[in-house]
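Structure, as C-alpha cells:
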2 protein chains.
Amino acid sequence: MSDISLEDIASLAKRRGFIYQGSEIYGGLAGTWDYGPLGTALKRNITNAWWKFFVDSRDDMYGIESAILMNPKVWEASGHVSGFTDPLIEDLKTKKRYRLDHVLEDAGVDVRGMDLAAMSAAIKEQGIKSPDGNELGNPASFNMLFETSMGAVEGEKSTIYLRGETAQGMFVNFKNIVDTFYPDLPFGVAQIGKAFRNEISPRDFVFRVREFEIMEFEYFISPNSWEGEFEKWRVAMHEWCEKILELPADKIHELEVSPEDRAHYSKRTVDFEFDFPFGKKELYGLAYRTDFDLTNHQNASGKNLEYRPKDGSAPFIPHVIEPTFGVDRSLMAVLCTAYTEDEMNGEKRIYLKLPKHLAPIKACVSPLLKNKPELVTKAREVYDMLKKELGAVMWDDNGNIGKRYRRQDEIGTPACIVIDFQTLEDNTVTVRNRDTAEQVRMKIEDLLANV
Amino acid sequence: MSDISLEDIASLAKRRGFIYQGSEIYGGLAGTWDYGPLGTALKRNITNAWWKFFVDSRDDMYGIESAILMNPKVWEASGHVSGFTDPLIEDLKTKKRYRLDHVLEDAGVDVRGMDLAAMSAAIKEQGIKSPDGNELGNPASFNMLFETSMGAVEGEKSTIYLRGETAQGMFVNFKNIVDTFYPDLPFGVAQIGKAFRNEISPRDFVFRVREFEIMEFEYFISPNSWEGEFEKWRVAMHEWCEKILELPADKIHELEVSPEDRAHYSKRTVDFEFDFPFGKKELYGLAYRTDFDLTNHQNASGKNLEYRPKDGSAPFIPHVIEPTFGVDRSLMAVLCTAYTEDEMNGEKRIYLKLPKHLAPIKACVSPLLKNKPELVTKAREVYDMLKKELGAVMWDDNGNIGKRYRRQDEIGTPACIVIDFQTLEDNTVTVRNRDTAEQVRMKIEDLLANV
C-alpha cells in the first residue's frame, strides 16, 4: 500500500461516485463531503453490518437515536463548553491558523504527553515555521463546538451547540433505558449518528472533517469488572476490523495511550491505529471512562442516575467502557485496503478488492451486444431476477465488454455477468471474477447461489 | 381512532421505550426528541423499507448522503436566507410569540390563501386574543434557518446554516451524478437525512419539531413530461402508504394546494394529509418545482447545470418532481394506526397492531417458569436459533405469562413463543398471536417459516 497515495483514493472516489466535495459547485465548504451513490451504498453496508454485529445479534445492547441538538446544560456538565479545545497557533504574517500539534508532528516532533505550554516552547526552541515559511506566534486553545441559537423570542433564545460527540446522547438516556427495560449489568447503549467539530484545519480527505458520523457504545458495568470488560471489547473491536471489515490485521496497531495523553477521567485508553497511505493514524478508540460522565450528569441535573441491582444490594453509579468507531474513517480504511493496481494485458488496471458483503454493487449484468434485441431481452430477464433478490445490481451495455469490466473493477463489483449467443441456446452465462479476471460459464439458475 | 388522543400515543411511546423527550434529565429542549430502542428499531425498519422500495428496487434512482453543513451560497441561491420564514405574532403582555397562522386556525379561521397582511387583518377584525387571553400585535416574518459560524480565523469565519431541507443537497449534486453516471432522463436522486428548523412553537409530539428526518427524491424530468411523471409519483406515494406502511386508505387525503398557497416556483403541489388524533394534518408532499432550483444554482454558481441528451438534441435544464416523506411523521402515522384498545378477560388491553415487517421485535421467547432449568435451557435454544436468523427477538422470563403477553402486545410483537413441559417431550411450543390472542402449538422446526 505504501506506493498508493491518498490522492489516488480521493480521485477514484470522486470519479466513480463514492465521495464528492461538499457544496462542490460553490467551491466547496472546508471539512464537508457528500457521499455519492456508491459511497452511500458502501457506508450503508458498513453501518448496517455494525448494527447487526454489535446490536441485533447481542442480548445486552439497546440502540438509540438521540437528537443532535441537546440542552446546553449537557455540554456544560460534560466539560465540553470549557474544555473541548484543540491547540491552535497563528502564522504571524498571513494570520492563518493551524493545529499546533499538527505543525509539530509535520516537523517530526513527537507531541505525546505535551501540553499547550510545552508545544509552544517546542515551536520556539526548534524555530519551527508555518507551512508558508513565516514566524508562528500566539498559541491558544480553540473550542470546537459549533454554536447556534434556538427559539423565536429574545428572552427565550438560548445558545445551544451542535453535538461534538454522540456519547452524551447515550449518557442522558441512561435513566430512560433503565426505567423502561430494567437491564442487568453489564449492558450497552448503542448509537450511530452525526457529530460536528469546528476543526481548525480539516485535512486528509474524510479523515479530519467538520461533520462526521460515529458508531459508538456506552457500555455500563460494575466498577470492579472493568479490566475484564475492557479486554472483551478490545478483542471484539479486532474481530470487527478483521472479520467484518476484513482489514489486514498487520495494518491495525494498538496504541496504549499514556496517562499524560489520556483524558483526565480515563483510567485506560487504547487507540486503534491503521496504516493509512498518509501514515499510521487513529481509526477507533476504546476508553474506560469510569463513572465520570454519569456522576457529572447526576450532579448537574439533580436526577438520580444510580443503578439499583435486582438482588437488593446497594445502588451505585455504573462505570463505562466506550468503544468508538468513526464511520468515515472505517470507509476510508476499507477503500484504502481494497484499492489495488495491477497489470492486465499490458495495461494498468485499478480495482477495488472489496469484501462481497460491503461492495456497493454485487453484480453487473450485460448483453454481449446492445444492438441484438434477443440478447438484450434475455439479459434484462437475468438482471430483473437478480435485482429483485439482491437490489444492488447494475445494468451496463455501454462500450465493449473489456471496458465494462474495467468500470466494474473500479467500483469493486465482484461479478460481471454477460449474456451471449450461447446463453440463448443453453441458458448459461459467463461470470467474470473481479480479482482473478477469470471467466466461468454458469447456468442462470445457479447465479443466485453463486453471486 | 377518534377516541384515541395524542397523549395516549406519546405516553405509550415513552413508557415502552419508543420515544423520549430530548435531553429529558435536563428538563428537555423544546422541539427535540430522542428515539429509544424500540423507536429506533421501528424508524430503521421504515427507512430501510423506503430505501428498498424506492431506491434499491428501481433502476432510475441514485442515493446520496450530502452534508448537513453546506456553503451558505446554497441557501442564498435557493431563497432560504431571504424567504424561509413563518408568520409570527406576539402576545403584547407576555411577549410570547406564536405562529400567526396557527393562532388563526385554532380560532377556526381558514387561512388558505392568506398572506401576512391578510392574516394580521383577520386577527384585528375578529378580535382574536393570544392563548393567554391577551392582546396580540407585531406580526412579522421569522426566518427558521439555524445559523452557526464556521472556521477558526476571524477573517475566514463565515456564517453558515443548518440545512432547512435535504432537497438542496440533491440539487447541488445534480452535476456530480450526471458526470459520474450519465443517466437517462427521467432519473431521481434520493436521500434520507436530518434537517433543522427553528420552529416558533414546536408542538404535537414529533409532528412539529426543530430537528427532524426526511426521506426525499428530486426526480429530474423533461419539462413536457411533467404531468405524467407527477401522476406516477402520486400513485407511487399511495402505494407506499397503503402497501408498505399499511396505513388505512380512507385516512389518507389528497389536498390539491391552491395557486395562492403554493410556493411561487411550484406549478402543482399535492399535500398528502393523514387523520392524526389531533386532526387532518400534512403527512407528505408532492411538488412540481419546474426548473426553479437548478436554474437558480446555475446562475449563482456559474456552473453549467444543463442536461445533454444522448441523442444530440439541444441541452436544457431538467424540471423536477419532488416527493417528500417525513420520517418522524411516517412513524407517528404508523403508531397512531397501530394503537388499539380492546377488552380481554374483562380487562382493558392496549396493543400495537403493527405490520410484521415494521414491528421492532418479531418474536418474544419465554420459558413457562423461570425456576425450571430444563425449561430455561430449552427456551434459550429456541431464542438463540431465532435471534440468529431474525435479530429482533426478545427474551422475557419476568412475571406470569399473561403479563408477558401484555408487555409484548404494547410494543407490537406479533408472536409470543412459550416453552413448556410438553416442549420437552415433543419439541412443540405455543405461539400466541398478538391480534387474536389465540395460541397454537407448533413444532420448533416450523417456527422460522411461520414467525
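Here's how to read the names in the C-alpha cells: chain A, B, ... by the order shown, residue numbers from 1 in each chain, ligand numbers from 1 in the order shown.
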Based on only C-alpha atoms, which of the residues in chain A come within 6 Å of chain B? I want them as a PDB file with N, CA, C and O atoms, in the first residue's frame.
ATOM      1  N   ARG A  16     -15.711   7.957  -9.573  1.00  0.00           N
ATOM      2  CA  ARG A  16     -16.669   6.868  -9.668  1.00  0.00           C
ATOM      3  C   ARG A  16     -17.893   7.036  -8.771  1.00  0.00           C
ATOM      4  O   ARG A  16     -18.676   6.111  -8.612  1.00  0.00           O
ATOM      5  N   GLY A  17     -18.035   8.222  -8.150  1.00  0.00           N
ATOM      6  CA  GLY A  17     -19.285   8.477  -7.429  1.00  0.00           C
ATOM      7  C   GLY A  17     -19.352   7.927  -6.022  1.00  0.00           C
ATOM      8  O   GLY A  17     -20.435   7.593  -5.537  1.00  0.00           O
ATOM      9  N   SER A  23     -20.840  20.741  -1.265  1.00  0.00           N
ATOM     10  CA  SER A  23     -21.182  22.016  -1.929  1.00  0.00           C
ATOM     11  C   SER A  23     -20.228  22.338  -3.085  1.00  0.00           C
ATOM     12  O   SER A  23     -19.833  23.487  -3.289  1.00  0.00           O
ATOM     13  N   TYR A  26     -20.223  25.289  -5.552  1.00  0.00           N
ATOM     14  CA  TYR A  26     -19.948  26.602  -4.953  1.00  0.00           C
ATOM     15  C   TYR A  26     -18.520  26.682  -4.418  1.00  0.00           C
ATOM     16  O   TYR A  26     -18.226  27.486  -3.535  1.00  0.00           O
ATOM     17  N   LEU A  29     -17.067  23.539   0.843  1.00  0.00           N
ATOM     18  CA  LEU A  29     -17.093  24.106   2.185  1.00  0.00           C
ATOM     19  C   LEU A  29     -16.103  23.258   2.976  1.00  0.00           C
ATOM     20  O   LEU A  29     -16.294  22.049   3.111  1.00  0.00           O
ATOM     21  N   ASP A  34     -19.775  15.106   0.517  1.00  0.00           N
ATOM     22  CA  ASP A  34     -21.054  14.487   0.180  1.00  0.00           C
ATOM     23  C   ASP A  34     -20.798  13.072  -0.338  1.00  0.00           C
ATOM     24  O   ASP A  34     -19.945  12.872  -1.200  1.00  0.00           O
ATOM     25  N   TYR A  35     -21.551  12.123   0.198  1.00  0.00           N
ATOM     26  CA  TYR A  35     -21.418  10.746  -0.289  1.00  0.00           C
ATOM     27  C   TYR A  35     -22.282  10.569  -1.535  1.00  0.00           C
ATOM     28  O   TYR A  35     -23.481  10.827  -1.508  1.00  0.00           O
ATOM     29  N   GLY A  36     -21.654  10.129  -2.624  1.00  0.00           N
ATOM     30  CA  GLY A  36     -22.374   9.840  -3.857  1.00  0.00           C
ATOM     31  C   GLY A  36     -23.047   8.484  -3.763  1.00  0.00           C
ATOM     32  O   GLY A  36     -22.978   7.808  -2.726  1.00  0.00           O
ATOM     33  N   PRO A  37     -23.687   8.042  -4.848  1.00  0.00           N
ATOM     34  CA  PRO A  37     -24.452   6.792  -4.808  1.00  0.00           C
ATOM     35  C   PRO A  37     -23.646   5.580  -4.334  1.00  0.00           C
ATOM     36  O   PRO A  37     -24.122   4.795  -3.511  1.00  0.00           O
ATOM     37  N   THR A  40     -22.566   6.092  -0.636  1.00  0.00           N
ATOM     38  CA  THR A  40     -23.734   5.922   0.238  1.00  0.00           C
ATOM     39  C   THR A  40     -24.029   4.436   0.431  1.00  0.00           C
ATOM     40  O   THR A  40     -24.288   3.984   1.552  1.00  0.00           O
ATOM     41  N   ASP A  56     -27.986  -6.049  16.950  1.00  0.00           N
ATOM     42  CA  ASP A  56     -29.041  -7.052  16.737  1.00  0.00           C
ATOM     43  C   ASP A  56     -28.648  -8.460  17.169  1.00  0.00           C
ATOM     44  O   ASP A  56     -29.502  -9.246  17.560  1.00  0.00           O
ATOM     45  N   SER A  57     -27.365  -8.789  17.085  1.00  0.00           N
ATOM     46  CA  SER A  57     -27.020 -10.182  17.388  1.00  0.00           C
ATOM     47  C   SER A  57     -26.630 -10.362  18.856  1.00  0.00           C
ATOM     48  O   SER A  57     -26.285 -11.459  19.272  1.00  0.00           O
ATOM     49  N   TYR A  62     -28.805  -1.840  23.608  1.00  0.00           N
ATOM     50  CA  TYR A  62     -30.003  -1.030  23.409  1.00  0.00           C
ATOM     51  C   TYR A  62     -29.649   0.103  22.453  1.00  0.00           C
ATOM     52  O   TYR A  62     -28.883   0.993  22.795  1.00  0.00           O
ATOM     53  N   GLY A  63     -30.193   0.044  21.239  1.00  0.00           N
ATOM     54  CA  GLY A  63     -29.877   1.066  20.239  1.00  0.00           C
ATOM     55  C   GLY A  63     -30.754   2.290  20.418  1.00  0.00           C
ATOM     56  O   GLY A  63     -31.947   2.162  20.677  1.00  0.00           O
ATOM     57  N   ILE A  64     -30.173   3.450  20.296  1.00  0.00           N
ATOM     58  CA  ILE A  64     -30.982   4.676  20.363  1.00  0.00           C
ATOM     59  C   ILE A  64     -30.566   5.635  19.246  1.00  0.00           C
ATOM     60  O   ILE A  64     -29.546   5.435  18.580  1.00  0.00           O
ATOM     61  N   GLU A  65     -31.396   6.655  19.025  1.00  0.00           N
ATOM     62  CA  GLU A  65     -31.007   7.782  18.171  1.00  0.00           C
ATOM     63  C   GLU A  65     -31.389   9.056  18.898  1.00  0.00           C
ATOM     64  O   GLU A  65     -32.554   9.455  18.884  1.00  0.00           O
ATOM     65  N   SER A  66     -30.419   9.653  19.528  1.00  0.00           N
ATOM     66  CA  SER A  66     -30.712  10.889  20.260  1.00  0.00           C
ATOM     67  C   SER A  66     -30.526  12.092  19.342  1.00  0.00           C
ATOM     68  O   SER A  66     -29.875  12.004  18.304  1.00  0.00           O
ATOM     69  N   ALA A  67     -31.140  13.206  19.727  1.00  0.00           N
ATOM     70  CA  ALA A  67     -31.114  14.394  18.886  1.00  0.00           C
ATOM     71  C   ALA A  67     -29.719  15.011  18.829  1.00  0.00           C
ATOM     72  O   ALA A  67     -28.936  14.906  19.778  1.00  0.00           O
ATOM     73  N   MET A  70     -29.061  19.402  21.707  1.00  0.00           N
ATOM     74  CA  MET A  70     -29.339  18.999  23.090  1.00  0.00           C
ATOM     75  C   MET A  70     -29.347  20.234  23.979  1.00  0.00           C
ATOM     76  O   MET A  70     -28.784  21.275  23.631  1.00  0.00           O
ATOM     77  N   ASN A  71     -29.977  20.074  25.122  1.00  0.00           N
ATOM     78  CA  ASN A  71     -29.966  21.143  26.106  1.00  0.00           C
ATOM     79  C   ASN A  71     -28.515  21.545  26.411  1.00  0.00           C
ATOM     80  O   ASN A  71     -27.677  20.675  26.659  1.00  0.00           O
ATOM     81  N   GLU A 147     -21.695  26.674  17.692  1.00  0.00           N
ATOM     82  CA  GLU A 147     -22.776  27.300  18.461  1.00  0.00           C
ATOM     83  C   GLU A 147     -23.910  27.705  17.543  1.00  0.00           C
ATOM     84  O   GLU A 147     -23.680  28.155  16.428  1.00  0.00           O
ATOM     85  N   THR A 148     -25.128  27.600  18.030  1.00  0.00           N
ATOM     86  CA  THR A 148     -26.237  28.224  17.321  1.00  0.00           C
ATOM     87  C   THR A 148     -27.226  28.720  18.362  1.00  0.00           C
ATOM     88  O   THR A 148     -26.976  28.609  19.569  1.00  0.00           O
ATOM     89  N   ALA A 152     -37.587  31.673  19.262  1.00  0.00           N
ATOM     90  CA  ALA A 152     -38.023  32.816  18.463  1.00  0.00           C
ATOM     91  C   ALA A 152     -38.085  34.102  19.274  1.00  0.00           C
ATOM     92  O   ALA A 152     -38.135  35.193  18.723  1.00  0.00           O
ATOM     93  N   THR A 180     -37.151   1.897  31.501  1.00  0.00           N
ATOM     94  CA  THR A 180     -38.010   1.183  30.558  1.00  0.00           C
ATOM     95  C   THR A 180     -37.711  -0.313  30.506  1.00  0.00           C
ATOM     96  O   THR A 180     -38.622  -1.121  30.398  1.00  0.00           O
ATOM     97  N   ILE A 200      -9.848  23.228  13.268  1.00  0.00           N
ATOM     98  CA  ILE A 200      -9.031  24.375  12.854  1.00  0.00           C
ATOM     99  C   ILE A 200      -8.573  24.187  11.417  1.00  0.00           C
ATOM    100  O   ILE A 200      -8.680  25.086  10.596  1.00  0.00           O
ATOM    101  N   SER A 301     -27.850  17.598  36.794  1.00  0.00           N
ATOM    102  CA  SER A 301     -29.288  17.537  36.505  1.00  0.00           C
ATOM    103  C   SER A 301     -30.121  17.380  37.772  1.00  0.00           C
ATOM    104  O   SER A 301     -31.329  17.631  37.761  1.00  0.00           O
ATOM    105  N   GLY A 391     -31.057  -6.429  -5.043  1.00  0.00           N
ATOM    106  CA  GLY A 391     -31.145  -4.971  -5.004  1.00  0.00           C
ATOM    107  C   GLY A 391     -29.972  -4.304  -5.702  1.00  0.00           C
ATOM    108  O   GLY A 391     -30.130  -3.682  -6.753  1.00  0.00           O
TER     109      GLY A 391
END
Checklist line | DSSP helix (DSSP H, G or I) residues within stretch 126-354 of chain B, as a ChimeraX atom specification | finding: /B:154-156,167-171,174-181,223-244,249-251,292-301,327-338
Next item on the list: Extract the full set of strand (DSSP E) residues from stretch 129-159 of chain A according to DSSP on the backbone, and format it as a PyMOL selection string.
Entry: chain A and resi 136-143+147-150+158-159
Margin query: For stretch 241-255 of chain A, find every residue with an atom within 12 Å (counting only C-alpha atoms), except residues of its own chain fewer than 5 positions away, and show them as JSON, numbers by chain.
Written below: {"A": [1, 2, 42, 43, 45, 46, 47, 48, 49, 50, 51, 52, 53, 54, 112, 234, 235, 236, 261, 262, 268, 269, 270, 271, 272, 273, 274, 275, 276, 277, 279, 280, 281, 282, 283, 284, 285, 286, 287, 325, 327, 329, 330, 331, 332, 333, 334, 335, 336, 337, 338, 353, 354, 355, 356, 357, 358, 359]}
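Residue neighbourhood of stretch 403-413 of chain A, excluding near-sequence residues (fewer than 2 positions): Arg16, Ile350, Tyr351, Leu352, Lys353, Leu354, Ala359, Ile361, Lys362, Ala363, Asp396, Gly399, Asn400, Ile401, Ala415, Cys416 and Arg434 of chain A, at 7 Å, using only C-alpha atoms.
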Prev. selection, N, CA, C and O atoms, output as a short mmCIF file (atom, residue, chain, number, x, y, z; two decimals), in the first residue's frame:
data_model
loop_
_atom_site.label_atom_id
_atom_site.label_comp_id
_atom_site.auth_asym_id
_atom_site.auth_seq_id
_atom_site.Cartn_x
_atom_site.Cartn_y
_atom_site.Cartn_z
N ARG A 16 -15.71 7.96 -9.57
CA ARG A 16 -16.67 6.87 -9.67
C ARG A 16 -17.89 7.04 -8.77
O ARG A 16 -18.68 6.11 -8.61
N ILE A 350 -6.92 -0.67 -12.29
CA ILE A 350 -7.25 -0.32 -10.91
C ILE A 350 -8.49 -1.09 -10.52
O ILE A 350 -9.46 -1.09 -11.27
N TYR A 351 -8.44 -1.77 -9.40
CA TYR A 351 -9.69 -2.38 -8.94
C TYR A 351 -9.81 -2.30 -7.43
O TYR A 351 -8.81 -2.13 -6.72
N LEU A 352 -11.05 -2.37 -6.95
CA LEU A 352 -11.33 -2.36 -5.52
C LEU A 352 -11.65 -3.77 -5.08
O LEU A 352 -12.68 -4.33 -5.46
N LYS A 353 -10.75 -4.32 -4.28
CA LYS A 353 -10.91 -5.69 -3.81
C LYS A 353 -11.78 -5.68 -2.55
O LYS A 353 -11.32 -6.03 -1.46
N LEU A 354 -13.01 -5.25 -2.70
CA LEU A 354 -13.91 -5.11 -1.55
C LEU A 354 -14.49 -6.46 -1.14
O LEU A 354 -14.81 -7.28 -2.01
N ALA A 359 -19.45 -4.58 -0.84
CA ALA A 359 -19.42 -3.98 -2.18
C ALA A 359 -20.75 -3.28 -2.48
O ALA A 359 -21.81 -3.83 -2.23
N ILE A 361 -22.13 -2.62 -5.31
CA ILE A 361 -22.84 -3.34 -6.37
C ILE A 361 -22.37 -4.79 -6.31
O ILE A 361 -21.17 -5.05 -6.33
N LYS A 362 -23.31 -5.73 -6.25
CA LYS A 362 -22.94 -7.14 -6.10
C LYS A 362 -22.66 -7.79 -7.46
O LYS A 362 -21.88 -8.72 -7.55
N ALA A 363 -23.37 -7.32 -8.49
CA ALA A 363 -23.19 -7.92 -9.80
C ALA A 363 -23.59 -6.92 -10.88
O ALA A 363 -24.45 -6.08 -10.67
N ASP A 396 -25.26 -2.64 -17.49
CA ASP A 396 -24.31 -1.87 -18.29
C ASP A 396 -24.23 -2.45 -19.69
O ASP A 396 -23.84 -3.60 -19.87
N GLY A 399 -20.24 0.51 -24.47
CA GLY A 399 -18.87 0.20 -24.86
C GLY A 399 -18.64 -1.30 -24.96
O GLY A 399 -19.56 -2.10 -24.82
N ASN A 400 -17.39 -1.68 -25.19
CA ASN A 400 -17.13 -3.11 -25.32
C ASN A 400 -17.00 -3.76 -23.94
O ASN A 400 -16.90 -3.09 -22.92
N ILE A 401 -17.03 -5.09 -23.95
CA ILE A 401 -17.05 -5.84 -22.70
C ILE A 401 -15.84 -5.51 -21.83
O ILE A 401 -15.95 -5.35 -20.60
N ALA A 415 -18.80 -9.56 -9.40
CA ALA A 415 -19.11 -10.43 -10.54
C ALA A 415 -19.71 -9.65 -11.70
O ALA A 415 -20.60 -8.82 -11.50
N CYS A 416 -19.22 -9.94 -12.91
CA CYS A 416 -19.81 -9.38 -14.13
C CYS A 416 -20.40 -10.52 -14.95
O CYS A 416 -19.69 -11.47 -15.31
N ARG A 434 -13.88 -10.50 -10.41
CA ARG A 434 -13.17 -9.21 -10.32
C ARG A 434 -11.68 -9.37 -10.02
O ARG A 434 -10.84 -8.74 -10.67
#
Show which residues sit within 7 Å of A:Ile192, as a PDB file with C-alpha atoms, in the first residue's frame. Count only C-alpha atoms, and ignore same-chain residues fewer than 4 positions away.
ATOM      1  CA  ILE A 214     -19.857   7.927  14.667  1.00  0.00           C
ATOM      2  CA  MET A 215     -20.869   4.380  15.667  1.00  0.00           C
ATOM      3  CA  GLU A 216     -20.493   4.083  19.389  1.00  0.00           C
TER       4      GLU A 216
END
Give me, as a PDB file with all heavy atoms, in the first residue's frame, all polymer residues having an atom no more than 6 Å from B:Ile417, counting only C-alpha atoms and skipping those fewer than 6 positions away in the same chain.
ATOM      1  N   CYS B 364     -41.143 -12.931  20.830  1.00  0.00           N
ATOM      2  CA  CYS B 364     -40.642 -12.982  22.204  1.00  0.00           C
ATOM      3  C   CYS B 364     -40.611 -14.445  22.632  1.00  0.00           C
ATOM      4  O   CYS B 364     -41.564 -15.183  22.374  1.00  0.00           O
ATOM      5  CB  CYS B 364     -41.559 -12.170  23.114  1.00  0.00           C
ATOM      6  SG  CYS B 364     -41.118 -12.308  24.849  1.00  0.00           S
ATOM      7  N   VAL B 365     -39.523 -14.852  23.240  1.00  0.00           N
ATOM      8  CA  VAL B 365     -39.386 -16.244  23.680  1.00  0.00           C
ATOM      9  C   VAL B 365     -39.346 -16.288  25.205  1.00  0.00           C
ATOM     10  O   VAL B 365     -38.614 -15.516  25.832  1.00  0.00           O
ATOM     11  CB  VAL B 365     -38.109 -16.881  23.092  1.00  0.00           C
ATOM     12  CG1 VAL B 365     -37.964 -18.323  23.576  1.00  0.00           C
ATOM     13  CG2 VAL B 365     -38.135 -16.827  21.570  1.00  0.00           C
ATOM     14  N   THR B 430     -45.883 -23.250  22.259  1.00  0.00           N
ATOM     15  CA  THR B 430     -47.086 -22.487  21.948  1.00  0.00           C
ATOM     16  C   THR B 430     -46.668 -21.169  21.317  1.00  0.00           C
ATOM     17  O   THR B 430     -45.679 -20.548  21.716  1.00  0.00           O
ATOM     18  CB  THR B 430     -47.938 -22.174  23.190  1.00  0.00           C
ATOM     19  OG1 THR B 430     -47.187 -21.346  24.071  1.00  0.00           O
ATOM     20  CG2 THR B 430     -48.363 -23.448  23.892  1.00  0.00           C
ATOM     21  N   VAL B 431     -47.431 -20.777  20.287  1.00  0.00           N
ATOM     22  CA  VAL B 431     -47.211 -19.486  19.636  1.00  0.00           C
ATOM     23  C   VAL B 431     -48.502 -18.706  19.783  1.00  0.00           C
ATOM     24  O   VAL B 431     -49.562 -19.140  19.320  1.00  0.00           O
ATOM     25  CB  VAL B 431     -46.863 -19.656  18.145  1.00  0.00           C
ATOM     26  CG1 VAL B 431     -46.654 -18.298  17.497  1.00  0.00           C
ATOM     27  CG2 VAL B 431     -45.617 -20.515  17.988  1.00  0.00           C
TER      28      VAL B 431
END
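Residue nearest B:Val451, chosen from B:Pro315, B:Pro414, B:Thr159, B:Phe421 and counting only C-alpha atoms: B:Pro414.
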Note to self: With only C-alpha atoms as the counted atoms, please give the residues lying no more than 9 Å from B:His319, apart from itself and same-chain residues fewer than 4 positions off, as a PyMOL selection string.
What the structure shows: chain B and resi 219-224+226+288-294
Checklist line | One-decimal distance in Å that lies between atom CA of B:Ser141 and atom CA of B:Thr85 | finding: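 Distance between the two atoms: 5.6 Å.
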Check: atom CA of A:Thr423 and atom CA of A:Asn398 are how many Å apart?
Finding: 19.6 Å
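As for atom CA of A:Leu12 and atom CA of A:Pro367, they are spaced 26.3 Å apart.
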Item checked: Which residue of A:Asp342, A:Glu239, A:Glu306, A:Asp91 approaches A:Gly133 most closely, using only C-alpha atoms ->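 Answer, going by the shortest atom-to-atom distance: A:Asp91.
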